[in-house]
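Read through the structure below, which is laid out as structure tokens, and then see the notes.
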Amino acid sequence: MTTTANATSPVGAVRTRVEGRAKVTGAALYAADVPYADLVHGWAVLSTIPHGRVHTVSTAAVESMPGVVGVLHHGNAPRLNPTAGWGAPDGTLQILQDDQVPHAGWPVALVLADTLEQARAGAEALVVAYDEEPFGVTFAHDHPGLRTATESPLAPPLSAEHGDVEQELVTSAVVVDQLYTTPGEHHVAIEPHAATARWADGRLELVDANQGSFLTARILADLFFLDPDSVRVRSEHVGGGFGSKALVRPQAVLAAMAATVFRRTVRVVLSRRQVFTLTGYRSPTAQRIRLGADRDGRLRAIDHQSSSQTSTVLEFVEPAGAMTRVMYGSDALRVKHKVVRLNVPSPRWMRAPGEAPGSFALESAMDELAVACGLDPIELRVRNEPTVAPGSGLPFTSRNLVACFREGAQRFGWATRDPRSGIRRDGRWLMGTGMAAGSYPGDTSFATATATAEPDGGFTVRVAAADIGQGARTALTQIAAQALEVGTDRVRLLIADSDFGPAILAGHSWGTASWGLAVTRAATSLRKTIADLPSIPATGISVKVDTAKEVEAMGHPERHAYAAQFAEVAVDVSTGEVRVRRLLGTFAIGRVVNPLTVSSQLIGGMTWGLSMALHEAGVMDPAFGTQVNADLAGYHIATHADVPPIEVSWVDDEDLHNPTGIKGAGEIGIVGTAAAIANAVWHATGVRHRALPITPDRVLGRGIS
Ligand code: MOS
């Protein structure tokens with residue numbers, strides 16, 4: 001690792017999590033843990049049909065059950081603002097507003113009771129009658145309902161085109177034209193979504209599991225027709241998010257509704273099954289990639305056409321082609337997305353939304369092209385390094401992908417690789433290695449930080465950041481200490497309270513770069529303010545900085561993190577089992593604040609990539625319109641036994657477009673991992689797997705050459 005650190009430089013130093021002890025001793029309180037004296041519990045009742053209307057909700061019998069406080073449903077729930085959402089109306093927030101059932105697992109009621117068990121018993125006893133309507137839940141690459149996706153203010157550009165793709169393909173000596181598919185995938189954060197809501201002193205207060213307390217509060221205020229400042233959201237500890245807790249999810253809406261109607265403190269915790277249908281997931285994708293190249297591998301054409309599904313209440317497009325806009329130079333480029341509305345739960349952002357499935361398709365196709373050209377897959381990529389971002393024509397603030405290849409290849413021992421497939425044995429295992437590249441944006445967004453010098457010599461820094469396990473609290477402590485020119489032991493970081501002022505969420509790998517800039521500005525300003533003071537008054541001295549204007553002036557350049565991923569696999573010729581024996585990733589991620597937490601982020605992302613490659617698939621039942629495996633018995637994720645030691649490193653990546661130099665490391669870790677594994681499976685077996693996950697039945701079914 002090339003990070004430099006010394007005793008006087010908190011940024012760049014290895015630091016264990018500042019809240020680590022609180023977490024392992026159970027002192028850290030999550031959204032379902034915070035005690036309240038007058039608490040009532042809400043249990044959501046979800047539709048059992050995939051499409052239709054609620055005919056009747058028979059509340060009387062449930063209302064007389066022990067402990068039941070009431071039943072909320074579309075007949076008695078408060079009306080919500082239909083335009084509320086982040087940047088655009090969000091139909092997933094319009095809960096209990098009418099009798100429509102858009103998909104199985106949609107909330108149709110909430111049973112409130114004194115205890116969780118009573119609420120659950122009431123929910124299970126509640127009889128809901130439906131009028132069923134025809135439904136469609138089956139995604140396919142040639143679904144007749146697919147139509148071109150419209151650009152959205154919150155999504156990356158969904159199309160790009162330059163040059164004549166068809167003409168370049170016709171005149172290319174080598175063409176790869178393949179369809180790659182990825183299934184529905186679920187975040188399954190350890191902590192199920194939970195919210196506790198109450199009215200206090202004229203304000204709606206929530207403790208909620210989310211990835212951004214400020215924006216969550218603002219959206220809830222809008223949803224409930226309240227003044228922006230009359231909603232407060234706190235999220236001090238959050239047990240994983242990965243996009244599933246990005247802003248408002250149904251637990252918060254249901255808890256706030258019930259608190260408003262019943263004037264009680266209401267807690268709503270989703271069950272694991274409910275998390276599957278109510279909090280987003282990664283849409284299945286079908287991606288046709290066409291690459292045209294000269295014999296020497298120089299790309300003439302790249303065509304990436306991706307299809308995905310969405311629900312009938314929200315148009316979410318999985319931007320699988322986004323990465324293709326910033327990877328390789330070619331004479332012609334086309335990126336297009338299509339989407340089909342089905343009676344399925346609403347898909348959402350999930351770790352590296354777009355890039356995760358997109359990199360599987362693009363980087364598998366690049367591997368196929370390398371084989372077709374007789375080129376080493378790294379050499380093929382190096383030959384197609386662009387001078388500017390292919391999608392926009394704008395320069396990169398920094399890139400360093402080639403440096404990642406060189407460093408990763410050297411660490412992995414790539415130079416001695418025999419390119420031939422299907423020839424290495426280790427007992428009953430066929431052995432292979434593969435590599436892939438990846439990219440994810442390194443954008444900066446707005447934040448507000450307040451730095452306070454306390455009379456006892458300590459400093460308190462407040463910023464509405466979210467620590468969903470990634471280590472934001474620790475990294476921001478280091479950033480604050482650096483700017484204050486004091487040790488981290490003198491800094492107390494308070495986060496995840498919407499009252500701290502505007503701040504972007506923990507998503508899109510924005511967090512550390514965005515909050516870190518605000519913390520740097522506030523802490524630096526405070527240090528200068530107090531420099532000449534003889535002492536700090538008893539009330540302390542505070543400096544508050546909002547970076548919105550500074551960030552706006554920074555614009556939206558092509559700023560991206562890059563990855564080189566390497567995998568070694570063993571494939572059991574008799575069972576078809578794929579074991580990953582080694583994973584290695586080398587990254588260009590700008591300045592690294594904390595090598596320990598960044599390593600964990602990258603290893604976590606690569607573990608996700610392994611799980612995506614080999615295990616994960618949400619399966620819809622075409623007969624009933626429900627998900628077959630909406631639980632952790634049926635939805636397989638990698639366990640410890642599936643995951644080998646994972647090596648990560650990073651290259652020097654000086655990029656001061658954001659003055660902190662931080663690009664973000666939250667999502668890049670997963671990008672390219674699945675392709676590297678799939679490419680290694682080809683190298684081991686000689687069989688190309690273009691459908692994820694690569695399960696034993698598929699390996700045996702496709703044969704081993
Ligand atoms: Mo990340 S999926 O943008 O929370």
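Note on naming: chains are A, B, ... as they come in the structure tokens, residues start from 1 per chain, ligands start from 1 in the order shown.
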Within 8 Å of ligand 1, counting only C-alpha atoms and all ligand atoms, which protein or nucleic acid residues do you find, written as a PyMOL selection string? chain A and resi 211+241-246+348-353+506-509+666-667
Hey, what's within 9 Å of His55 (chain A) if we count only C-alpha atoms and toss same-chain stuff fewer than 2 positions away? As an NGL selection string, please? :A and (53 or 57 or 99 or 128-131)
Write a file of the just-selected residues containing N, CA and C atoms, as an mmCIF file, in the first residue's frame.
data_model
loop_
_atom_site.group_PDB
_atom_site.id
_atom_site.type_symbol
_atom_site.label_atom_id
_atom_site.label_comp_id
_atom_site.auth_asym_id
_atom_site.auth_seq_id
_atom_site.Cartn_x
_atom_site.Cartn_y
_atom_site.Cartn_z
ATOM 1 N N ARG A 53 -57.072 -5.174 -6.333
ATOM 2 C CA ARG A 53 -57.550 -4.161 -5.399
ATOM 3 C C ARG A 53 -57.907 -4.811 -4.065
ATOM 4 N N VAL A 57 -61.057 -4.826 4.314
ATOM 5 C CA VAL A 57 -60.142 -5.133 5.411
ATOM 6 C C VAL A 57 -61.026 -5.328 6.643
ATOM 7 N N ASP A 99 -56.932 1.602 -2.804
ATOM 8 C CA ASP A 99 -57.131 0.151 -2.741
ATOM 9 C C ASP A 99 -56.255 -0.619 -3.731
ATOM 10 N N VAL A 128 -57.942 -9.863 4.857
ATOM 11 C CA VAL A 128 -58.018 -8.884 3.771
ATOM 12 C C VAL A 128 -58.544 -9.612 2.540
ATOM 13 N N ALA A 129 -59.627 -9.092 1.985
ATOM 14 C CA ALA A 129 -60.177 -9.696 0.760
ATOM 15 C C ALA A 129 -59.765 -8.849 -0.438
ATOM 16 N N TYR A 130 -59.445 -9.514 -1.520
ATOM 17 C CA TYR A 130 -58.932 -8.818 -2.709
ATOM 18 C C TYR A 130 -59.798 -9.118 -3.931
ATOM 19 N N ASP A 131 -59.805 -8.185 -4.859
ATOM 20 C CA ASP A 131 -60.259 -8.466 -6.219
ATOM 21 C C ASP A 131 -59.002 -8.591 -7.064
#
DSSP alpha helix (DSSP H) selection over region 29-233 of chain A, as an mmCIF file with all heavy atoms, in the first residue's frame:
data_model
loop_
_atom_site.group_PDB
_atom_site.id
_atom_site.type_symbol
_atom_site.label_atom_id
_atom_site.label_comp_id
_atom_site.auth_asym_id
_atom_site.auth_seq_id
_atom_site.Cartn_x
_atom_site.Cartn_y
_atom_site.Cartn_z
ATOM 1 N N ALA A 60 -62.645 -5.538 12.588
ATOM 2 C CA ALA A 60 -63.347 -5.667 13.878
ATOM 3 C C ALA A 60 -62.777 -6.788 14.747
ATOM 4 O O ALA A 60 -62.499 -6.583 15.936
ATOM 5 C CB ALA A 60 -64.844 -5.876 13.634
ATOM 6 N N ALA A 61 -62.584 -7.954 14.146
ATOM 7 C CA ALA A 61 -62.122 -9.097 14.943
ATOM 8 C C ALA A 61 -60.727 -8.837 15.514
ATOM 9 O O ALA A 61 -60.430 -9.192 16.659
ATOM 10 C CB ALA A 61 -62.123 -10.355 14.081
ATOM 11 N N VAL A 62 -59.898 -8.181 14.718
ATOM 12 C CA VAL A 62 -58.525 -7.928 15.172
ATOM 13 C C VAL A 62 -58.509 -6.853 16.253
ATOM 14 O O VAL A 62 -57.739 -6.932 17.224
ATOM 15 C CB VAL A 62 -57.640 -7.543 13.967
ATOM 16 C CG1 VAL A 62 -56.289 -7.009 14.428
ATOM 17 C CG2 VAL A 62 -57.463 -8.751 13.052
ATOM 18 N N GLU A 63 -59.369 -5.865 16.101
ATOM 19 C CA GLU A 63 -59.385 -4.765 17.074
ATOM 20 C C GLU A 63 -59.768 -5.235 18.481
ATOM 21 O O GLU A 63 -59.446 -4.563 19.471
ATOM 22 C CB GLU A 63 -60.328 -3.648 16.600
ATOM 23 C CG GLU A 63 -59.652 -2.741 15.576
ATOM 24 C CD GLU A 63 -60.616 -1.897 14.746
ATOM 25 O OE1 GLU A 63 -61.835 -2.176 14.762
ATOM 26 O OE2 GLU A 63 -60.129 -0.991 14.080
ATOM 27 N N LEU A 116 -44.898 -6.433 20.516
ATOM 28 C CA LEU A 116 -44.579 -6.877 19.157
ATOM 29 C C LEU A 116 -45.352 -8.156 18.820
ATOM 30 O O LEU A 116 -45.889 -8.311 17.720
ATOM 31 C CB LEU A 116 -43.072 -7.131 19.063
ATOM 32 C CG LEU A 116 -42.519 -7.482 17.688
ATOM 33 C CD1 LEU A 116 -42.538 -6.263 16.783
ATOM 34 C CD2 LEU A 116 -41.094 -8.015 17.802
ATOM 35 N N GLU A 117 -45.443 -9.063 19.801
ATOM 36 C CA GLU A 117 -46.102 -10.342 19.564
ATOM 37 C C GLU A 117 -47.592 -10.147 19.302
ATOM 38 O O GLU A 117 -48.188 -10.803 18.446
ATOM 39 C CB GLU A 117 -45.892 -11.276 20.764
ATOM 40 C CG GLU A 117 -44.455 -11.766 20.945
ATOM 41 C CD GLU A 117 -43.510 -10.702 21.518
ATOM 42 O OE1 GLU A 117 -43.986 -9.659 22.027
ATOM 43 O OE2 GLU A 117 -42.291 -10.909 21.444
ATOM 44 N N GLN A 118 -48.198 -9.227 20.077
ATOM 45 C CA GLN A 118 -49.626 -8.959 19.867
ATOM 46 C C GLN A 118 -49.865 -8.322 18.496
ATOM 47 O O GLN A 118 -50.853 -8.624 17.817
ATOM 48 C CB GLN A 118 -50.150 -8.045 20.983
ATOM 49 C CG GLN A 118 -50.235 -8.738 22.339
ATOM 50 C CD GLN A 118 -50.446 -7.756 23.483
ATOM 51 O OE1 GLN A 118 -50.085 -6.582 23.404
ATOM 52 N NE2 GLN A 118 -51.037 -8.259 24.572
ATOM 53 N N ALA A 119 -48.971 -7.449 18.103
ATOM 54 C CA ALA A 119 -49.118 -6.807 16.787
ATOM 55 C C ALA A 119 -48.991 -7.844 15.679
ATOM 56 O O ALA A 119 -49.758 -7.857 14.723
ATOM 57 C CB ALA A 119 -48.063 -5.711 16.621
ATOM 58 N N ARG A 120 -48.038 -8.738 15.848
ATOM 59 C CA ARG A 120 -47.835 -9.762 14.833
ATOM 60 C C ARG A 120 -49.026 -10.718 14.777
ATOM 61 O O ARG A 120 -49.491 -11.096 13.690
ATOM 62 C CB ARG A 120 -46.553 -10.545 15.129
ATOM 63 C CG ARG A 120 -46.271 -11.575 14.073
ATOM 64 C CD ARG A 120 -44.921 -12.238 14.243
ATOM 65 N NE ARG A 120 -44.584 -12.930 13.012
ATOM 66 C CZ ARG A 120 -43.374 -13.350 12.696
ATOM 67 N NH1 ARG A 120 -42.381 -13.144 13.513
ATOM 68 N NH2 ARG A 120 -43.151 -13.969 11.564
ATOM 69 N N ALA A 121 -49.522 -11.076 15.953
ATOM 70 C CA ALA A 121 -50.693 -11.970 15.994
ATOM 71 C C ALA A 121 -51.882 -11.302 15.319
ATOM 72 O O ALA A 121 -52.626 -11.932 14.558
ATOM 73 C CB ALA A 121 -51.023 -12.332 17.445
ATOM 74 N N GLY A 122 -52.059 -10.013 15.572
ATOM 75 C CA GLY A 122 -53.159 -9.283 14.940
ATOM 76 C C GLY A 122 -52.986 -9.225 13.430
ATOM 77 O O GLY A 122 -53.951 -9.401 12.665
ATOM 78 N N ALA A 123 -51.755 -8.998 13.002
ATOM 79 C CA ALA A 123 -51.487 -8.914 11.560
ATOM 80 C C ALA A 123 -51.765 -10.251 10.881
ATOM 81 O O ALA A 123 -52.317 -10.307 9.786
ATOM 82 C CB ALA A 123 -50.044 -8.480 11.326
ATOM 83 N N GLU A 124 -51.400 -11.321 11.564
ATOM 84 C CA GLU A 124 -51.620 -12.645 10.969
ATOM 85 C C GLU A 124 -53.097 -13.010 10.952
ATOM 86 O O GLU A 124 -53.555 -13.762 10.095
ATOM 87 C CB GLU A 124 -50.790 -13.698 11.720
ATOM 88 C CG GLU A 124 -49.306 -13.569 11.369
ATOM 89 C CD GLU A 124 -48.390 -14.442 12.220
ATOM 90 O OE1 GLU A 124 -48.882 -15.096 13.164
ATOM 91 O OE2 GLU A 124 -47.184 -14.434 11.942
ATOM 92 N N ALA A 125 -53.861 -12.443 11.892
ATOM 93 C CA ALA A 125 -55.297 -12.756 11.968
ATOM 94 C C ALA A 125 -56.123 -11.847 11.056
ATOM 95 O O ALA A 125 -57.297 -12.141 10.788
ATOM 96 C CB ALA A 125 -55.773 -12.601 13.419
ATOM 97 N N VAL A 165 -22.084 2.894 -35.034
ATOM 98 C CA VAL A 165 -21.819 1.573 -34.465
ATOM 99 C C VAL A 165 -22.024 0.470 -35.503
ATOM 100 O O VAL A 165 -21.177 -0.429 -35.644
ATOM 101 C CB VAL A 165 -22.718 1.345 -33.224
ATOM 102 C CG1 VAL A 165 -22.769 -0.130 -32.867
ATOM 103 C CG2 VAL A 165 -22.199 2.147 -32.037
ATOM 104 N N GLU A 166 -23.126 0.548 -36.231
ATOM 105 C CA GLU A 166 -23.427 -0.537 -37.181
ATOM 106 C C GLU A 166 -22.352 -0.621 -38.266
ATOM 107 O O GLU A 166 -21.893 -1.708 -38.628
ATOM 108 C CB GLU A 166 -24.810 -0.329 -37.803
ATOM 109 C CG GLU A 166 -25.969 -0.300 -36.795
ATOM 110 C CD GLU A 166 -26.077 -1.560 -35.930
ATOM 111 O OE1 GLU A 166 -25.614 -2.637 -36.375
ATOM 112 O OE2 GLU A 166 -26.600 -1.464 -34.798
ATOM 113 N N GLN A 167 -21.959 0.531 -38.781
ATOM 114 C CA GLN A 167 -20.942 0.563 -39.836
ATOM 115 C C GLN A 167 -19.608 0.022 -39.320
ATOM 116 O O GLN A 167 -18.943 -0.774 -39.993
ATOM 117 C CB GLN A 167 -20.785 2.006 -40.339
ATOM 118 C CG GLN A 167 -19.825 2.154 -41.507
ATOM 119 C CD GLN A 167 -20.242 1.298 -42.708
ATOM 120 O OE1 GLN A 167 -21.430 1.104 -42.965
ATOM 121 N NE2 GLN A 167 -19.263 0.749 -43.419
ATOM 122 N N GLU A 168 -19.236 0.408 -38.116
ATOM 123 C CA GLU A 168 -17.952 -0.052 -37.561
ATOM 124 C C GLU A 168 -17.988 -1.560 -37.304
ATOM 125 O O GLU A 168 -16.985 -2.250 -37.482
ATOM 126 C CB GLU A 168 -17.624 0.701 -36.268
ATOM 127 C CG GLU A 168 -17.397 2.200 -36.426
ATOM 128 C CD GLU A 168 -16.180 2.534 -37.277
ATOM 129 O OE1 GLU A 168 -15.306 1.680 -37.449
ATOM 130 O OE2 GLU A 168 -16.124 3.684 -37.774
ATOM 131 N N LEU A 169 -19.144 -2.073 -36.898
ATOM 132 C CA LEU A 169 -19.244 -3.516 -36.658
ATOM 133 C C LEU A 169 -19.078 -4.285 -37.965
ATOM 134 O O LEU A 169 -18.410 -5.328 -38.012
ATOM 135 C CB LEU A 169 -20.593 -3.853 -36.006
ATOM 136 C CG LEU A 169 -20.691 -3.550 -34.508
ATOM 137 C CD1 LEU A 169 -22.141 -3.622 -34.028
ATOM 138 C CD2 LEU A 169 -19.830 -4.526 -33.700
ATOM 139 N N VAL A 170 -19.687 -3.775 -39.004
ATOM 140 C CA VAL A 170 -19.603 -4.441 -40.307
ATOM 141 C C VAL A 170 -18.156 -4.529 -40.777
ATOM 142 O O VAL A 170 -17.738 -5.527 -41.371
ATOM 143 C CB VAL A 170 -20.475 -3.685 -41.345
ATOM 144 C CG1 VAL A 170 -20.132 -4.132 -42.768
ATOM 145 C CG2 VAL A 170 -21.950 -3.923 -41.064
ATOM 146 N N SER A 213 -30.004 11.019 7.222
ATOM 147 C CA SER A 213 -31.056 11.537 8.106
ATOM 148 C C SER A 213 -31.634 12.855 7.598
ATOM 149 O O SER A 213 -32.840 13.093 7.713
ATOM 150 C CB SER A 213 -30.498 11.703 9.523
ATOM 151 O OG SER A 213 -29.300 12.460 9.486
ATOM 152 N N PHE A 214 -30.807 13.709 7.005
ATOM 153 C CA PHE A 214 -31.322 15.014 6.583
ATOM 154 C C PHE A 214 -32.340 14.870 5.459
ATOM 155 O O PHE A 214 -33.464 15.383 5.545
ATOM 156 C CB PHE A 214 -30.186 15.947 6.144
ATOM 157 C CG PHE A 214 -30.711 17.234 5.575
ATOM 158 C CD1 PHE A 214 -31.142 18.247 6.413
ATOM 159 C CD2 PHE A 214 -30.836 17.410 4.203
ATOM 160 C CE1 PHE A 214 -31.687 19.423 5.902
ATOM 161 C CE2 PHE A 214 -31.363 18.584 3.680
ATOM 162 C CZ PHE A 214 -31.792 19.587 4.528
ATOM 163 N N LEU A 215 -31.966 14.163 4.408
ATOM 164 C CA LEU A 215 -32.889 14.033 3.271
ATOM 165 C C LEU A 215 -34.109 13.202 3.656
ATOM 166 O O LEU A 215 -35.221 13.461 3.186
ATOM 167 C CB LEU A 215 -32.164 13.426 2.071
ATOM 168 C CG LEU A 215 -31.178 14.388 1.391
ATOM 169 C CD1 LEU A 215 -30.262 13.641 0.431
ATOM 170 C CD2 LEU A 215 -31.918 15.500 0.661
ATOM 171 N N THR A 216 -33.930 12.214 4.518
ATOM 172 C CA THR A 216 -35.072 11.439 4.998
ATOM 173 C C THR A 216 -36.067 12.356 5.698
ATOM 174 O O THR A 216 -37.288 12.283 5.465
ATOM 175 C CB THR A 216 -34.593 10.324 5.946
ATOM 176 O OG1 THR A 216 -33.775 9.422 5.207
ATOM 177 C CG2 THR A 216 -35.762 9.559 6.545
ATOM 178 N N ALA A 217 -35.571 13.252 6.542
ATOM 179 C CA ALA A 217 -36.449 14.180 7.262
ATOM 180 C C ALA A 217 -37.173 15.107 6.290
ATOM 181 O O ALA A 217 -38.377 15.357 6.421
ATOM 182 C CB ALA A 217 -35.639 14.997 8.268
ATOM 183 N N ARG A 218 -36.457 15.612 5.300
ATOM 184 C CA ARG A 218 -37.072 16.553 4.358
ATOM 185 C C ARG A 218 -38.153 15.875 3.510
ATOM 186 O O ARG A 218 -39.203 16.456 3.231
ATOM 187 C CB ARG A 218 -35.996 17.180 3.459
ATOM 188 C CG ARG A 218 -35.138 18.198 4.191
ATOM 189 C CD ARG A 218 -36.012 19.353 4.690
ATOM 190 N NE ARG A 218 -35.373 20.120 5.739
ATOM 191 C CZ ARG A 218 -34.744 21.274 5.548
ATOM 192 N NH1 ARG A 218 -34.657 21.782 4.344
ATOM 193 N NH2 ARG A 218 -34.215 21.910 6.565
ATOM 194 N N ILE A 219 -37.886 14.651 3.097
ATOM 195 C CA ILE A 219 -38.871 13.940 2.276
ATOM 196 C C ILE A 219 -40.103 13.601 3.123
ATOM 197 O O ILE A 219 -41.243 13.742 2.676
ATOM 198 C CB ILE A 219 -38.247 12.679 1.652
ATOM 199 C CG1 ILE A 219 -37.156 13.089 0.661
ATOM 200 C CG2 ILE A 219 -39.315 11.832 0.951
ATOM 201 C CD1 ILE A 219 -36.268 11.946 0.216
ATOM 202 N N LEU A 220 -39.877 13.187 4.361
ATOM 203 C CA LEU A 220 -41.014 12.882 5.244
ATOM 204 C C LEU A 220 -41.849 14.136 5.506
ATOM 205 O O LEU A 220 -43.085 14.080 5.528
ATOM 206 C CB LEU A 220 -40.529 12.278 6.568
ATOM 207 C CG LEU A 220 -40.136 10.799 6.510
ATOM 208 C CD1 LEU A 220 -39.445 10.391 7.810
ATOM 209 C CD2 LEU A 220 -41.353 9.905 6.240
ATOM 210 N N ALA A 221 -41.191 15.268 5.695
ATOM 211 C CA ALA A 221 -41.929 16.520 5.913
ATOM 212 C C ALA A 221 -42.811 16.820 4.703
ATOM 213 O O ALA A 221 -43.998 17.151 4.837
ATOM 214 C CB ALA A 221 -40.954 17.669 6.170
ATOM 215 N N ASP A 222 -42.248 16.669 3.545
ATOM 216 C CA ASP A 222 -42.991 16.906 2.308
ATOM 217 C C ASP A 222 -44.151 15.918 2.193
ATOM 218 O O ASP A 222 -45.280 16.283 1.830
ATOM 219 C CB ASP A 222 -42.013 16.744 1.133
ATOM 220 C CG ASP A 222 -42.557 17.341 -0.154
ATOM 221 O OD1 ASP A 222 -43.457 18.201 -0.088
ATOM 222 O OD2 ASP A 222 -42.065 16.945 -1.235
ATOM 223 N N LEU A 223 -43.873 14.672 2.520
ATOM 224 C CA LEU A 223 -44.886 13.618 2.396
ATOM 225 C C LEU A 223 -46.078 13.875 3.310
ATOM 226 O O LEU A 223 -47.226 13.604 2.952
ATOM 227 C CB LEU A 223 -44.240 12.266 2.726
ATOM 228 C CG LEU A 223 -45.067 11.004 2.496
ATOM 229 C CD1 LEU A 223 -45.368 10.803 1.010
ATOM 230 C CD2 LEU A 223 -44.316 9.775 3.044
#
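Of the listed residues A:Ile646, A:Ile468, A:Ala44, A:Ala567, the one whose atoms come nearest to Gly413 (chain A) is A:Ala567, with distances taken using only C-alpha atoms.
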Shell of 7 Å around His560 (chain A), only C-alpha atoms, local chain residues under 4 positions omitted, as a CSV table (one decimal) with all heavy atoms, in the first residue's frame:
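Final file, out.csv:
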chain,number,residue,atom,x,y,z
A,439,SER,N,-15.2,0.4,-12.7
A,439,SER,CA,-15.2,1.8,-12.4
A,439,SER,C,-16.5,2.2,-11.7
A,439,SER,O,-17.5,1.6,-11.8
A,439,SER,CB,-15.2,2.6,-13.8
A,439,SER,OG,-15.1,4.0,-13.5
A,440,TYR,N,-16.4,3.2,-10.9
A,440,TYR,CA,-17.5,3.7,-10.2
A,440,TYR,C,-17.3,5.2,-9.9
A,440,TYR,O,-16.1,5.6,-9.6
A,440,TYR,CB,-17.8,3.0,-8.8
A,440,TYR,CG,-19.2,3.4,-8.3
A,440,TYR,CD1,-20.3,2.8,-8.8
A,440,TYR,CD2,-19.3,4.4,-7.4
A,440,TYR,CE1,-21.6,3.2,-8.4
A,440,TYR,CE2,-20.6,4.8,-7.0
A,440,TYR,CZ,-21.7,4.2,-7.4
A,440,TYR,OH,-22.9,4.6,-7.0
A,441,PRO,N,-18.3,6.1,-10.0
A,441,PRO,CA,-18.1,7.5,-9.9
A,441,PRO,C,-17.5,7.9,-8.5
A,441,PRO,O,-17.7,7.3,-7.5
A,441,PRO,CB,-19.5,8.1,-10.0
A,441,PRO,CG,-20.3,7.1,-10.8
A,441,PRO,CD,-19.7,5.8,-10.4
A,442,GLY,N,-16.7,9.0,-8.5
A,442,GLY,CA,-16.2,9.6,-7.3
A,442,GLY,C,-16.7,11.0,-7.2
A,442,GLY,O,-15.9,12.0,-7.3
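Shortest atom-to-atom contact with Met257 (chain A) among A:Glu185, A:Glu205, A:Glu236, A:Glu647: A:Glu205, counting only C-alpha atoms.
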Using only C-alpha atoms, find each residue in region 198-312 of chain A having at least one atom no more than 12 Å away from region 336-340 of chain A; report its shortest atom-to-atom pair and that distance in Å (one decimal), rows by chain then rising number, as CSV.
residue,atom,partner,partner_atom,distance
A:Ser283,CA,A:Val339,CA,10.0
A:Pro284,CA,A:Val339,CA,10.6
A:Thr285,CA,A:Val339,CA,9.4
A:Ala286,CA,A:Lys338,CA,9.7
A:Gln287,CA,A:His337,CA,9.1
A:Arg288,CA,A:Lys336,CA,10.1
A:Ile289,CA,A:Lys336,CA,10.7
A:Ile302,CA,A:Lys336,CA,11.3
A:Asp303,CA,A:Lys336,CA,8.3
A:His304,CA,A:Lys336,CA,6.4
A:Gln305,CA,A:Lys336,CA,4.8
A:Ser306,CA,A:His337,CA,4.8
A:Ser307,CA,A:Lys338,CA,4.6
A:Ser308,CA,A:Val339,CA,4.9
A:Gln309,CA,A:Val340,CA,4.8
A:Thr310,CA,A:Val340,CA,6.0
A:Ser311,CA,A:Val340,CA,8.2
A:Thr312,CA,A:Val340,CA,9.2
With only C-alpha atoms as the counted atoms, please give the residues lying no more than 12 Å from Gly634 (chain A), apart from itself and same-chain residues fewer than 4 positions off, as a PyMOL selection string. chain A and resi 186+273+276+615-620+627-630
Can you write just those residues out, N, CA, C and O atoms, as a compact mmCIF listing (two decimals), in the first residue's frame?
# COMPACT_ATOMS: atom_id res chain seq x y z
N HIS A 186 -30.60 -9.13 -3.86
CA HIS A 186 -31.12 -8.42 -2.67
C HIS A 186 -29.99 -8.01 -1.73
O HIS A 186 -29.01 -8.73 -1.57
N ARG A 273 -38.57 -11.25 5.65
CA ARG A 273 -39.34 -11.44 4.41
C ARG A 273 -39.86 -10.11 3.88
O ARG A 273 -39.89 -9.88 2.68
N PHE A 276 -37.45 -8.05 1.86
CA PHE A 276 -37.27 -8.48 0.47
C PHE A 276 -38.19 -7.74 -0.50
O PHE A 276 -37.80 -7.47 -1.63
N HIS A 615 -23.76 -17.32 -6.19
CA HIS A 615 -24.83 -17.75 -5.30
C HIS A 615 -26.18 -17.06 -5.47
O HIS A 615 -27.22 -17.70 -5.33
N GLU A 616 -26.19 -15.75 -5.67
CA GLU A 616 -27.42 -14.98 -5.42
C GLU A 616 -28.36 -14.95 -6.62
O GLU A 616 -27.94 -14.69 -7.74
N ALA A 617 -29.64 -15.19 -6.34
CA ALA A 617 -30.67 -15.08 -7.38
C ALA A 617 -32.04 -15.04 -6.72
O ALA A 617 -32.46 -16.00 -6.07
N GLY A 618 -32.73 -13.93 -6.88
CA GLY A 618 -34.13 -13.86 -6.48
C GLY A 618 -34.97 -14.55 -7.55
O GLY A 618 -34.76 -14.33 -8.74
N VAL A 619 -35.88 -15.38 -7.12
CA VAL A 619 -36.67 -16.17 -8.07
C VAL A 619 -38.15 -15.84 -7.91
O VAL A 619 -38.71 -15.99 -6.81
N MET A 620 -38.77 -15.40 -8.98
CA MET A 620 -40.20 -15.10 -8.95
C MET A 620 -40.99 -16.34 -9.37
O MET A 620 -40.56 -17.11 -10.22
N GLN A 627 -42.34 -13.83 -4.74
CA GLN A 627 -40.96 -14.31 -4.78
C GLN A 627 -40.87 -15.63 -4.05
O GLN A 627 -41.31 -15.76 -2.90
N VAL A 628 -40.28 -16.61 -4.72
CA VAL A 628 -40.17 -17.96 -4.14
C VAL A 628 -39.26 -17.95 -2.92
O VAL A 628 -39.52 -18.63 -1.93
N ASN A 629 -38.17 -17.18 -3.01
CA ASN A 629 -37.12 -17.30 -2.00
C ASN A 629 -36.87 -15.99 -1.27
O ASN A 629 -35.75 -15.51 -1.20
N ALA A 630 -37.93 -15.40 -0.73
CA ALA A 630 -37.78 -14.13 -0.01
C ALA A 630 -37.39 -14.37 1.44
O ALA A 630 -38.02 -13.88 2.39
